[in-house]
Every structure is written in C-alpha cells, then in structure tokens.
Amino acid sequence: MSTTETVQRLAAPPRLPDALWSLPADRFHKALLTTIGTGAASSPHIEQLSRLALYLVLEAPAGPPSNSTEFMARLDVSVLARAWSGEAGAERWTGVQGADLLIAAAAPVLGSLVAQCHNAFRSWATDPRTLRWAATAAGIDLVPGSAGYWDIPSLPLPTTTEKET
C-alpha cells in the first residue's frame with residue numbers, strides 16, 4: 001500500500017451501522033455529545049457553538065446525513081451552506097432565512113468538530129462498548145422488547161476473559 005493510500009484509509013471516516021443514521025436527529029446529537037463532550041470545559045461560548053454546529057449538520061433541510069462520510073463533509077462551511085439551500089460566500093444568501101448567520105457563527109468550531117467526531121466514530125466502529133454507552137446515555141433503549149429499542153446487531157459486545165496466572 002502506498003503512502004497516499006495509507007493516508008486516505010486513515011483519513012476516511014469509519015463506517016458505522018446503518019441503524020445509527022436512522023436515529024432521530026436529537027437522539028444522534030445527544031449520543032454524539034455524550035461521546036465528544038461539548039467544549040464546556042474550555043468555554044461556555046465553545047459549548048454553545050459546538051451544539052449549534054451539530055444542530056446545523058443534523059437538522060438541515062436537506063435531511064440528516066445518511067452515513068459518516070456525509071456527516072463529516074457537512075463540517076465544511078460550503079457543504080453545510082448547501083445543506084441549508086444556500087451558497088457560502090454568495091453576495092446574497094438564498095437559502096433558509098437566517099441559516100447563513102448561524103453557519104457563520106458556528107464556523108470557528110467546525111475544524112475542532114472534525115477531529116472530535118472522527119475520533120468518536122472511530123471509537124464507535126472499533127469498540128462497540130463505546131457506542132452502546134453513548135446510546136444508553138442518549139436514552140436509546142438497548143433492551144429488546146422495550147419501547148424505543150434500538151438494535152445494534154452488527155456490533156456485539158466483546159467478551160472479556162481474565163487470564164489465569
């Protein structure tokens with residue numbers, strides 16, 4: 001594998017279960033915030049901008065992202081503006097009224113969210129326990145047969161065994 005191929009493989013967002021992308025946006029938002037935090041430790045300002053940016057990504061009129069690649073792409077001002085029916089940097093905003101101001105306000109935290117979300121998705125893809133923890137914290141019931149049950153069949157909990165010495 002060439003260096004370019006290795007870099008592309010490492011930079012690509014991890015594939016997550018399809019069921020994750022069918023969650024209501026508010027539940028996905030909460031599961032993601034549970035994993036990445038909100039920046040509250042650094043500043044209440046950063047926390048508010050991070051929440052706003054995730055709202056813009058998940059609640060766009062274009063519909064919620066259908067996979068991790070589309071989600072990550074929306075953490076770019078131009079792509080996000082198109083999801084809100086506008087064009088970044090246009091002389092006159094033609095998208096959803098007021099969305100241009102919200103996107104401009106959220107722009108400073110988008111780079112940080114790229115790293116945070118990529119790390120969260122990688123964690124969810126490689127360790128199902130982290131995804132189950134985030135889902136449970138977001139109020140997504142993982143108990144079969146209960147209201148709101150969300151199955152993660154492609155991500156069974158790993159078994160742990162202790163080695164005897």
# chains A, B, ... in the order shown; residues from 1 in each chain; ligands from 1
>>> residues_around(residues="Pro108 (chain A)", least_positions_apart="5", cutoff="10 Å", atoms="only C-alpha atoms", output="list in words")
Ile46, Leu49, Ser50, Ala53, Val77, Ile103 and Leu113 of chain A
>>> write_last_selection(atoms="C-alpha atoms", output="PDB file, in the first residue's frame")
ATOM      1  CA  ILE A  46     -17.361  26.987  22.608  1.00  0.00           C
ATOM      2  CA  LEU A  49     -21.102  26.949  19.128  1.00  0.00           C
ATOM      3  CA  SER A  50     -20.436  23.186  19.123  1.00  0.00           C
ATOM      4  CA  ALA A  53     -22.821  23.319  14.602  1.00  0.00           C
ATOM      5  CA  VAL A  77     -18.923  25.692   5.608  1.00  0.00           C
ATOM      6  CA  ILE A 103     -23.433  28.865   9.875  1.00  0.00           C
ATOM      7  CA  LEU A 113     -15.548  19.071  15.475  1.00  0.00           C
TER       8      LEU A 113
END
>>> residues_around(residues="Ser22 (chain A)", least_positions_apart="4", cutoff="10 Å", atoms="only C-alpha atoms", output="list of chain:residue names")
A:Pro17, A:Asp18, A:Phe28, A:Pro64, A:Pro65, A:Ser66, A:Asn67
>>> closest_atom_pairs(of="region 45-67 of chain A", to="region 92-101 of chain A", cutoff="12 Å", atoms="only C-alpha atoms", output="Markdown table")
| residue | atom | partner | partner_atom | distance |
| --- | --- | --- | --- | --- |
| A:Leu52 | CA | A:Ala99 | CA | 10.9 |
| A:Ala53 | CA | A:Ala99 | CA | 11.1 |
| A:Tyr55 | CA | A:Ala99 | CA | 11.3 |
| A:Leu56 | CA | A:Ala99 | CA | 8.4 |
| A:Val57 | CA | A:Ala99 | CA | 11.5 |
| A:Glu59 | CA | A:Ala99 | CA | 11.3 |
| A:Ala60 | CA | A:Ala99 | CA | 9.5 |
| A:Pro61 | CA | A:Val96 | CA | 8.4 |
| A:Ala62 | CA | A:Val96 | CA | 10.9 |
>>> select_by_dssp(residues="region 40-137 of chain A", states="alpha helix (DSSP H)", output="PyMOL selection string")
chain A and resi 44-58+68-73+77-83+99-126+128-137
>>> write_last_selection(atoms="C-alpha atoms", output="PDB file, in the first residue's frame")
ATOM      1  CA  PRO A  44     -19.382  28.129  27.581  1.00  0.00           C
ATOM      2  CA  HIS A  45     -19.024  30.003  24.273  1.00  0.00           C
ATOM      3  CA  ILE A  46     -17.361  26.987  22.608  1.00  0.00           C
ATOM      4  CA  GLU A  47     -20.044  24.701  24.057  1.00  0.00           C
ATOM      5  CA  GLN A  48     -22.830  26.761  22.508  1.00  0.00           C
ATOM      6  CA  LEU A  49     -21.102  26.949  19.128  1.00  0.00           C
ATOM      7  CA  SER A  50     -20.436  23.186  19.123  1.00  0.00           C
ATOM      8  CA  ARG A  51     -24.084  22.433  19.895  1.00  0.00           C
ATOM      9  CA  LEU A  52     -25.171  24.860  17.173  1.00  0.00           C
ATOM     10  CA  ALA A  53     -22.821  23.319  14.602  1.00  0.00           C
ATOM     11  CA  LEU A  54     -24.076  19.794  15.332  1.00  0.00           C
ATOM     12  CA  TYR A  55     -27.666  21.020  15.091  1.00  0.00           C
ATOM     13  CA  LEU A  56     -26.916  22.553  11.676  1.00  0.00           C
ATOM     14  CA  VAL A  57     -25.309  19.309  10.462  1.00  0.00           C
ATOM     15  CA  LEU A  58     -28.095  17.035  11.711  1.00  0.00           C
ATOM     16  CA  SER A  68     -20.300   9.075   8.381  1.00  0.00           C
ATOM     17  CA  THR A  69     -18.775  10.404   5.137  1.00  0.00           C
ATOM     18  CA  GLU A  70     -21.731  12.727   4.541  1.00  0.00           C
ATOM     19  CA  PHE A  71     -21.734  13.787   8.203  1.00  0.00           C
ATOM     20  CA  MET A  72     -18.040  14.685   8.093  1.00  0.00           C
ATOM     21  CA  ALA A  73     -18.447  16.524   4.779  1.00  0.00           C
ATOM     22  CA  VAL A  77     -18.923  25.692   5.608  1.00  0.00           C
ATOM     23  CA  SER A  78     -19.612  25.317   1.867  1.00  0.00           C
ATOM     24  CA  VAL A  79     -21.184  21.869   2.186  1.00  0.00           C
ATOM     25  CA  LEU A  80     -23.173  22.961   5.229  1.00  0.00           C
ATOM     26  CA  ALA A  81     -24.487  26.025   3.378  1.00  0.00           C
ATOM     27  CA  ARG A  82     -25.686  23.800   0.503  1.00  0.00           C
ATOM     28  CA  ALA A  83     -27.475  21.539   3.012  1.00  0.00           C
ATOM     29  CA  ALA A  99     -29.175  29.957   8.385  1.00  0.00           C
ATOM     30  CA  ASP A 100     -26.278  31.940   6.913  1.00  0.00           C
ATOM     31  CA  LEU A 101     -25.832  33.782  10.206  1.00  0.00           C
ATOM     32  CA  LEU A 102     -25.954  30.534  12.182  1.00  0.00           C
ATOM     33  CA  ILE A 103     -23.433  28.865   9.875  1.00  0.00           C
ATOM     34  CA  ALA A 104     -21.094  31.865  10.146  1.00  0.00           C
ATOM     35  CA  ALA A 105     -21.393  31.762  13.947  1.00  0.00           C
ATOM     36  CA  ALA A 106     -20.610  28.024  14.064  1.00  0.00           C
ATOM     37  CA  ALA A 107     -17.722  28.170  11.561  1.00  0.00           C
ATOM     38  CA  PRO A 108     -14.931  28.675  14.155  1.00  0.00           C
ATOM     39  CA  VAL A 109     -15.606  25.290  15.811  1.00  0.00           C
ATOM     40  CA  LEU A 110     -16.056  23.180  12.670  1.00  0.00           C
ATOM     41  CA  GLY A 111     -12.356  22.215  12.477  1.00  0.00           C
ATOM     42  CA  SER A 112     -12.361  21.046  16.068  1.00  0.00           C
ATOM     43  CA  LEU A 113     -15.548  19.071  15.475  1.00  0.00           C
ATOM     44  CA  VAL A 114     -13.935  17.301  12.505  1.00  0.00           C
ATOM     45  CA  ALA A 115     -11.317  15.853  14.843  1.00  0.00           C
ATOM     46  CA  GLN A 116     -13.746  15.152  17.687  1.00  0.00           C
ATOM     47  CA  CYS A 117     -16.354  13.452  15.501  1.00  0.00           C
ATOM     48  CA  HIS A 118     -13.777  11.442  13.556  1.00  0.00           C
ATOM     49  CA  ASN A 119     -12.352  10.190  16.841  1.00  0.00           C
ATOM     50  CA  ALA A 120     -15.838   9.383  18.172  1.00  0.00           C
ATOM     51  CA  PHE A 121     -16.798   7.490  15.010  1.00  0.00           C
ATOM     52  CA  ARG A 122     -13.515   5.575  15.066  1.00  0.00           C
ATOM     53  CA  SER A 123     -14.135   4.686  18.709  1.00  0.00           C
ATOM     54  CA  TRP A 124     -17.716   3.579  17.975  1.00  0.00           C
ATOM     55  CA  ALA A 125     -16.573   1.486  14.997  1.00  0.00           C
ATOM     56  CA  THR A 126     -13.743  -0.282  16.812  1.00  0.00           C
ATOM     57  CA  PRO A 128     -18.931  -1.438  20.386  1.00  0.00           C
ATOM     58  CA  ARG A 129     -18.991  -0.756  24.123  1.00  0.00           C
ATOM     59  CA  THR A 130     -18.418   2.960  23.489  1.00  0.00           C
ATOM     60  CA  LEU A 131     -21.333   3.088  21.040  1.00  0.00           C
ATOM     61  CA  ARG A 132     -23.596   1.201  23.458  1.00  0.00           C
ATOM     62  CA  TRP A 133     -22.557   3.532  26.293  1.00  0.00           C
ATOM     63  CA  ALA A 134     -23.306   6.624  24.182  1.00  0.00           C
ATOM     64  CA  ALA A 135     -26.635   5.166  23.026  1.00  0.00           C
ATOM     65  CA  THR A 136     -27.686   4.347  26.577  1.00  0.00           C
ATOM     66  CA  ALA A 137     -26.656   7.804  27.808  1.00  0.00           C
TER      67      ALA A 137
END
>>> atom_distance(atom1="CA of Ile140 (chain A)", atom2="CA of Arg74 (chain A)")
24.5 Å
>>> atom_distance(atom1="CA of Leu33 (chain A)", atom2="CA of Ala138 (chain A)")
8.8 Å
>>> atom_distance(atom1="CA of Leu75 (chain A)", atom2="CA of Ala90 (chain A)")
18.5 Å
